[in-house]
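Below: my_file.txt (compact mmCIF, C-alpha atoms)
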# COMPACT_ATOMS: atom_id res chain seq x y z
CA ASN A 1133 21.51 -11.54 55.63
CA ALA A 1134 24.51 -10.90 57.85
CA GLY A 1135 26.30 -9.17 54.96
CA VAL A 1136 30.09 -9.19 55.18
CA THR A 1137 31.49 -10.40 58.47
CA GLN A 1138 35.07 -10.20 59.64
CA THR A 1139 36.78 -11.82 62.59
CA PRO A 1140 38.47 -10.94 64.81
CA LYS A 1141 37.64 -7.25 65.38
CA PHE A 1142 40.95 -6.63 67.13
CA GLN A 1143 44.22 -8.57 67.18
CA VAL A 1144 47.68 -8.01 68.61
CA LEU A 1145 50.53 -10.08 67.22
CA LYS A 1146 54.22 -10.29 67.93
CA THR A 1147 56.66 -9.89 65.06
CA GLY A 1148 57.09 -13.19 63.24
CA GLN A 1149 53.77 -14.70 64.28
CA SER A 1150 51.30 -15.86 61.66
CA MET A 1151 47.55 -15.57 61.67
CA THR A 1152 44.49 -15.65 59.45
CA LEU A 1153 41.92 -12.88 59.20
CA GLN A 1154 38.55 -14.33 58.39
CA CYS A 1155 36.01 -12.86 55.98
CA ALA A 1156 32.66 -14.32 55.03
CA GLN A 1157 29.66 -13.10 53.07
CA ASP A 1158 26.22 -14.61 52.68
CA MET A 1159 25.08 -12.66 49.63
CA ASN A 1160 26.43 -15.12 47.04
CA HIS A 1161 28.76 -12.43 45.72
CA GLU A 1162 31.34 -13.52 43.21
CA TYR A 1163 33.83 -10.73 43.85
CA MET A 1164 35.70 -10.38 47.15
CA SER A 1165 38.66 -8.28 48.11
CA TRP A 1166 40.94 -7.28 50.97
CA TYR A 1167 42.12 -3.75 51.66
CA ARG A 1168 44.30 -2.20 54.29
CA GLN A 1169 43.71 1.30 55.54
CA ASP A 1170 46.54 3.38 56.95
CA PRO A 1171 46.44 7.05 57.99
CA GLY A 1172 47.01 9.32 54.99
CA MET A 1173 47.18 6.33 52.62
CA GLY A 1174 43.53 5.64 52.00
CA LEU A 1175 42.57 2.08 51.14
CA ARG A 1176 45.09 -0.07 49.34
CA LEU A 1177 44.08 -3.28 47.63
CA ILE A 1178 45.94 -6.35 48.92
CA HIS A 1179 44.36 -9.26 47.04
CA TYR A 1180 41.10 -9.86 45.26
CA SER A 1181 39.07 -12.70 43.82
CA VAL A 1182 36.56 -12.71 40.97
CA GLY A 1183 35.18 -16.11 41.94
CA ALA A 1184 35.84 -19.34 43.79
CA GLY A 1185 39.22 -20.77 42.88
CA ILE A 1186 40.49 -17.50 41.40
CA THR A 1187 42.66 -14.96 43.21
CA ASP A 1188 44.87 -12.14 42.05
CA GLN A 1189 47.26 -9.60 43.52
CA GLY A 1190 46.35 -6.04 44.26
CA GLU A 1191 48.57 -3.04 44.95
CA VAL A 1192 50.30 -4.30 48.13
CA PRO A 1193 50.28 -8.14 48.16
CA ASN A 1194 53.67 -8.84 49.74
CA GLY A 1195 53.48 -10.64 53.10
CA TYR A 1196 49.90 -11.79 52.56
CA ASN A 1197 48.32 -14.91 51.10
CA VAL A 1198 44.72 -15.59 50.17
CA SER A 1199 42.66 -18.50 48.94
CA ARG A 1200 39.08 -18.78 47.72
CA SER A 1201 37.89 -22.35 48.05
CA THR A 1202 34.23 -21.34 48.45
CA THR A 1203 32.12 -18.43 47.25
CA GLU A 1204 31.39 -17.41 50.85
CA ASP A 1205 34.86 -17.25 52.42
CA PHE A 1206 37.99 -15.28 51.59
CA PRO A 1207 40.58 -15.59 54.39
CA LEU A 1208 43.70 -13.41 54.47
CA ARG A 1209 46.84 -14.99 55.88
CA LEU A 1210 49.76 -13.12 57.33
CA LEU A 1211 52.72 -15.45 57.01
CA SER A 1212 55.19 -13.72 59.33
CA ALA A 1213 53.78 -10.56 60.84
CA ALA A 1214 55.83 -7.36 60.72
CA PRO A 1215 55.20 -3.98 62.41
CA SER A 1216 54.61 -2.50 58.94
CA GLN A 1217 51.47 -4.65 58.77
CA THR A 1218 49.88 -2.76 61.65
CA SER A 1219 46.72 -1.45 60.03
CA VAL A 1220 42.96 -1.72 59.76
CA TYR A 1221 41.95 -4.45 57.34
CA PHE A 1222 38.69 -4.35 55.43
CA CYS A 1223 37.10 -7.15 53.47
CA ALA A 1224 34.56 -6.33 50.77
CA SER A 1225 32.32 -8.25 48.40
CA SER A 1226 30.20 -7.39 45.41
CA TYR A 1227 28.04 -8.99 42.81
CA SER A 1228 28.70 -8.80 39.12
CA ILE A 1229 26.69 -7.53 36.24
CA MET A 1230 27.67 -8.86 32.83
CA GLY A 1231 30.90 -10.16 34.35
CA ARG A 1232 31.92 -6.81 35.83
CA THR A 1233 31.94 -5.99 39.52
CA TYR A 1234 29.46 -3.61 40.95
CA GLU A 1235 28.63 -2.06 44.31
CA GLN A 1236 30.99 -3.28 47.06
CA TYR A 1237 29.78 -4.05 50.55
CA PHE A 1238 32.39 -3.65 53.27
CA GLY A 1239 32.87 -5.54 56.47
CA PRO A 1240 33.38 -3.72 59.80
CA GLY A 1241 37.15 -4.11 59.72
CA THR A 1242 39.86 -5.84 61.75
CA ARG A 1243 42.28 -3.64 63.66
CA LEU A 1244 45.67 -5.38 63.74
CA THR A 1245 48.65 -4.30 65.78
CA VAL A 1246 52.04 -5.97 65.35
CA THR A 1247 54.56 -5.33 68.11
CA GLY B 692 50.55 4.57 37.68
CA GLU B 693 47.46 3.43 39.52
CA ASP B 694 46.82 6.50 41.68
CA VAL B 695 43.37 7.92 42.17
CA GLU B 696 43.95 11.49 43.28
CA GLN B 697 41.88 13.47 45.76
CA SER B 698 42.57 16.50 47.89
CA LEU B 699 42.98 15.44 51.51
CA PHE B 700 40.88 18.08 53.29
CA LEU B 701 37.84 20.26 52.66
CA SER B 702 36.15 22.67 55.06
CA VAL B 703 32.63 23.88 54.35
CA ARG B 704 30.13 25.95 56.31
CA GLU B 705 26.93 24.24 57.37
CA GLY B 706 24.24 24.86 54.76
CA ASP B 707 26.69 25.50 51.92
CA SER B 708 27.44 23.04 49.13
CA SER B 709 30.48 20.77 49.33
CA VAL B 710 32.32 19.75 46.18
CA ILE B 711 34.83 16.93 46.42
CA ASN B 712 36.99 16.31 43.38
CA CYS B 713 38.77 13.22 42.14
CA THR B 714 41.01 12.38 39.21
CA TYR B 715 41.03 8.75 38.20
CA THR B 716 43.48 6.80 36.09
CA ASP B 717 41.87 4.40 33.64
CA SER B 718 39.92 5.91 30.77
CA SER B 719 38.25 2.54 30.25
CA SER B 720 36.95 2.31 33.82
CA THR B 721 33.28 1.39 33.66
CA TYR B 722 32.13 2.29 37.14
CA LEU B 723 33.22 5.12 39.40
CA TYR B 724 32.15 5.21 43.02
CA TRP B 725 31.89 7.52 45.98
CA TYR B 726 32.13 6.00 49.46
CA LYS B 727 31.66 7.60 52.85
CA GLN B 728 33.50 6.58 56.02
CA GLU B 729 32.46 7.90 59.40
CA PRO B 730 34.89 7.72 62.35
CA GLY B 731 35.57 4.16 63.50
CA ALA B 732 33.29 2.66 60.87
CA GLY B 733 33.64 0.79 57.61
CA LEU B 734 32.94 2.23 54.19
CA GLN B 735 29.44 2.87 52.94
CA LEU B 736 28.65 3.25 49.24
CA LEU B 737 27.08 6.66 48.67
CA THR B 738 26.60 6.61 44.95
CA TYR B 739 28.17 5.43 41.73
CA ILE B 740 28.14 6.45 38.11
CA PHE B 741 28.46 4.37 34.99
CA SER B 742 30.97 5.62 32.46
CA ASN B 743 28.38 6.35 29.77
CA MET B 744 26.76 8.97 32.01
CA ASP B 745 27.80 12.58 32.53
CA MET B 746 25.76 13.29 35.63
CA LYS B 747 23.81 11.48 38.28
CA GLN B 748 21.64 13.08 40.94
CA ASP B 749 20.38 11.39 44.07
CA GLN B 750 18.65 13.69 46.58
CA ARG B 751 21.39 16.01 47.94
CA LEU B 752 24.14 14.26 45.99
CA THR B 753 25.20 15.14 42.44
CA VAL B 754 27.96 13.27 40.66
CA LEU B 755 29.61 14.79 37.60
CA LEU B 756 31.85 12.81 35.29
CA ASN B 757 34.23 14.29 32.73
CA LYS B 758 35.68 11.33 30.85
CA LYS B 759 37.93 13.43 28.67
CA ASP B 760 39.76 14.78 31.73
CA LYS B 761 39.17 11.63 33.85
CA HIS B 762 37.63 13.88 36.48
CA LEU B 763 34.88 12.93 38.89
CA SER B 764 33.19 15.18 41.41
CA LEU B 765 30.71 14.78 44.23
CA ARG B 766 28.53 17.72 45.21
CA ILE B 767 26.67 17.61 48.51
CA ALA B 768 23.96 20.26 48.66
CA ASP B 769 22.96 21.90 51.96
CA THR B 770 25.85 20.31 53.87
CA GLN B 771 24.90 19.13 57.37
CA THR B 772 27.01 18.21 60.40
CA GLY B 773 26.17 14.57 59.73
CA ASP B 774 28.05 14.84 56.43
CA SER B 775 31.32 15.18 58.33
CA ALA B 776 33.31 12.11 57.24
CA ILE B 777 36.02 10.92 54.88
CA TYR B 778 34.88 10.55 51.27
CA PHE B 779 36.62 8.11 48.97
CA CYS B 780 36.57 8.07 45.22
CA ALA B 781 37.10 4.65 43.62
CA GLU B 782 37.27 3.24 40.11
CA LEU B 783 36.66 -0.20 38.63
CA MET B 784 39.61 -0.84 36.36
CA ARG B 785 39.72 -3.08 33.32
CA ASP B 786 41.39 -5.93 35.24
CA ASP B 787 38.56 -5.94 37.81
CA LYS B 788 40.59 -4.19 40.48
CA ILE B 789 38.71 -1.52 42.41
CA ILE B 790 41.22 1.16 43.36
CA PHE B 791 40.54 3.86 45.95
CA GLY B 792 41.85 7.36 46.40
CA LYS B 793 43.36 8.45 49.71
CA GLY B 794 40.11 10.07 50.79
CA THR B 795 38.98 13.64 51.39
CA ARG B 796 38.20 14.59 54.99
CA LEU B 797 35.16 16.89 55.00
CA HIS B 798 34.99 19.23 57.96
CA ILE B 799 31.80 21.17 58.62
CA LEU B 800 32.12 24.66 60.07
CA PRO B 801 29.26 25.99 62.22

Once more with this new file: its structure as structure tokens, please.
Amino acid sequence: NAGVTQTPKFQVLKTGQSMTLQCAQDMNHEYMSWYRQDPGMGLRLIHYSVGAGITDQGEVPNGYNVSRSTTEDFPLRLLSAAPSQTSVYFCASSYSIMGRTYEQYFGPGTRLTVT
Amino acid sequence: GEDVEQSLFLSVREGDSSVINCTYTDSSSTYLYWYKQEPGAGLQLLTYIFSNMDMKQDQRLTVLLNKKDKHLSLRIADTQTGDSAIYFCAELMRDDKIIFGKGTRLHILP
């Protein structure tokens, strides 16, 4: 298993540009989520999904869109990049036990800089 | 609010025990987790505890859970230089969100 993969590893955007951060997992996990990590702020939940076709907002959803058309993929879209979105983005997935999420596996992260 | 609280820094001498504390928010949280992040890397699950347990031990790691006070702690026995990292506490909330604390940076003194 490749686990959780994220692409790209690094990205530089200009303000106003849009892009999609890719996340895929091959463990048939139902639960997937996106976090951003900023110095001194820990990890903050952006969006999450409990299964294909279902998404929900986390703590900091503004400026980001997600979709979950398949179990494997959970892309994160930045609609109009802003310098405040400069961060390291982590995707995670987990399986469920009795409908509740369990141990999360994290991808290696995407380091995004918006100039 | 949805804030998982942790102290930001901890310094411990090599060979001593490290105790990292966390206060979580949702008394109905079913799972509580400890993750480790080494420099430049992603997060790695260290251990977790189910809410019906008071303690869990796994080799050098001991997790204590006080549900009444919503307090979680991670004890690392015989702390080694390889334990130097950021440790995150996280909780699974009733709406299936997994919320993280800001992380505690563990520094090992020689």

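Straight-line separation from CA of Ser1165 (chain A) to CA of Glu729 (chain B): 20.7 Å.
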
message: With all atoms listed in the file as the counted atoms, please give the residues lying no more than 8 Å from Asp717 (chain B), apart from itself and same-chain residues fewer than 4 positions off, as a list in words.
response: Lys761, Met784 and Arg785 of chain B

task: Quote the spacing between CA of Val1192 (chain A) and CA of Pro1240 (chain A) in Å to one decimal place.
output: 20.6 Å

query: What is the distance, in Å and to one decimal place, between CA of Cys1155 (chain A) and CA of Ser1226 (chain A)?
result: 13.2 Å

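Using all atoms listed in the file, the residues found no farther than 10 Å from region 739-751 of chain B, other than those of its own chain fewer than 5 positions away, are Tyr1234 and Glu1235 of chain A; Ser708, Ser718, Ser719, Ser720, Thr721, Tyr722, Leu723, Tyr724, Trp725, Tyr726, Leu756, Asn757, Lys758, Leu763, Ser764, Leu765, Arg766, Ile767, Ala768, Asp769, Thr770, Cys780, Ala781 and Glu782 of chain B.
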
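For Glu1191 (chain A), the list of residues within 8 Å, based on only C-alpha atoms and with local chain neighbours fewer than 5 positions off taken out, reads Arg1176, Leu1177, Ile1178 and His1179 of chain A.
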
Interface residues on chain B facing chain A, 6 Å, all atoms listed in the file, written as a ChimeraX atom specification: /B:733-734,791,793-794

- request: Kindly provide, as a ChimeraX atom specification, the polymer residues lying within 10 Å of (34.8, -15.9, 44.4), counting only C-alpha atoms and using the coordinates exactly as they appear in the file.
  value: /A:1160-1165,1180-1187,1199-1206,1225-1227

- prompt: So, counting all atoms listed in the file, which residue among B:Ile799, B:Gly792, B:Asp787, B:Ser709 is closest to Glu696 (chain B)?
  reply: B:Gly792

statement: Min atom-atom distance to Cys713 (chain B) from the set B:Ile789, B:Val754, B:Leu737, B:Ala732, counting only C-alpha atoms, belongs to B:Val754
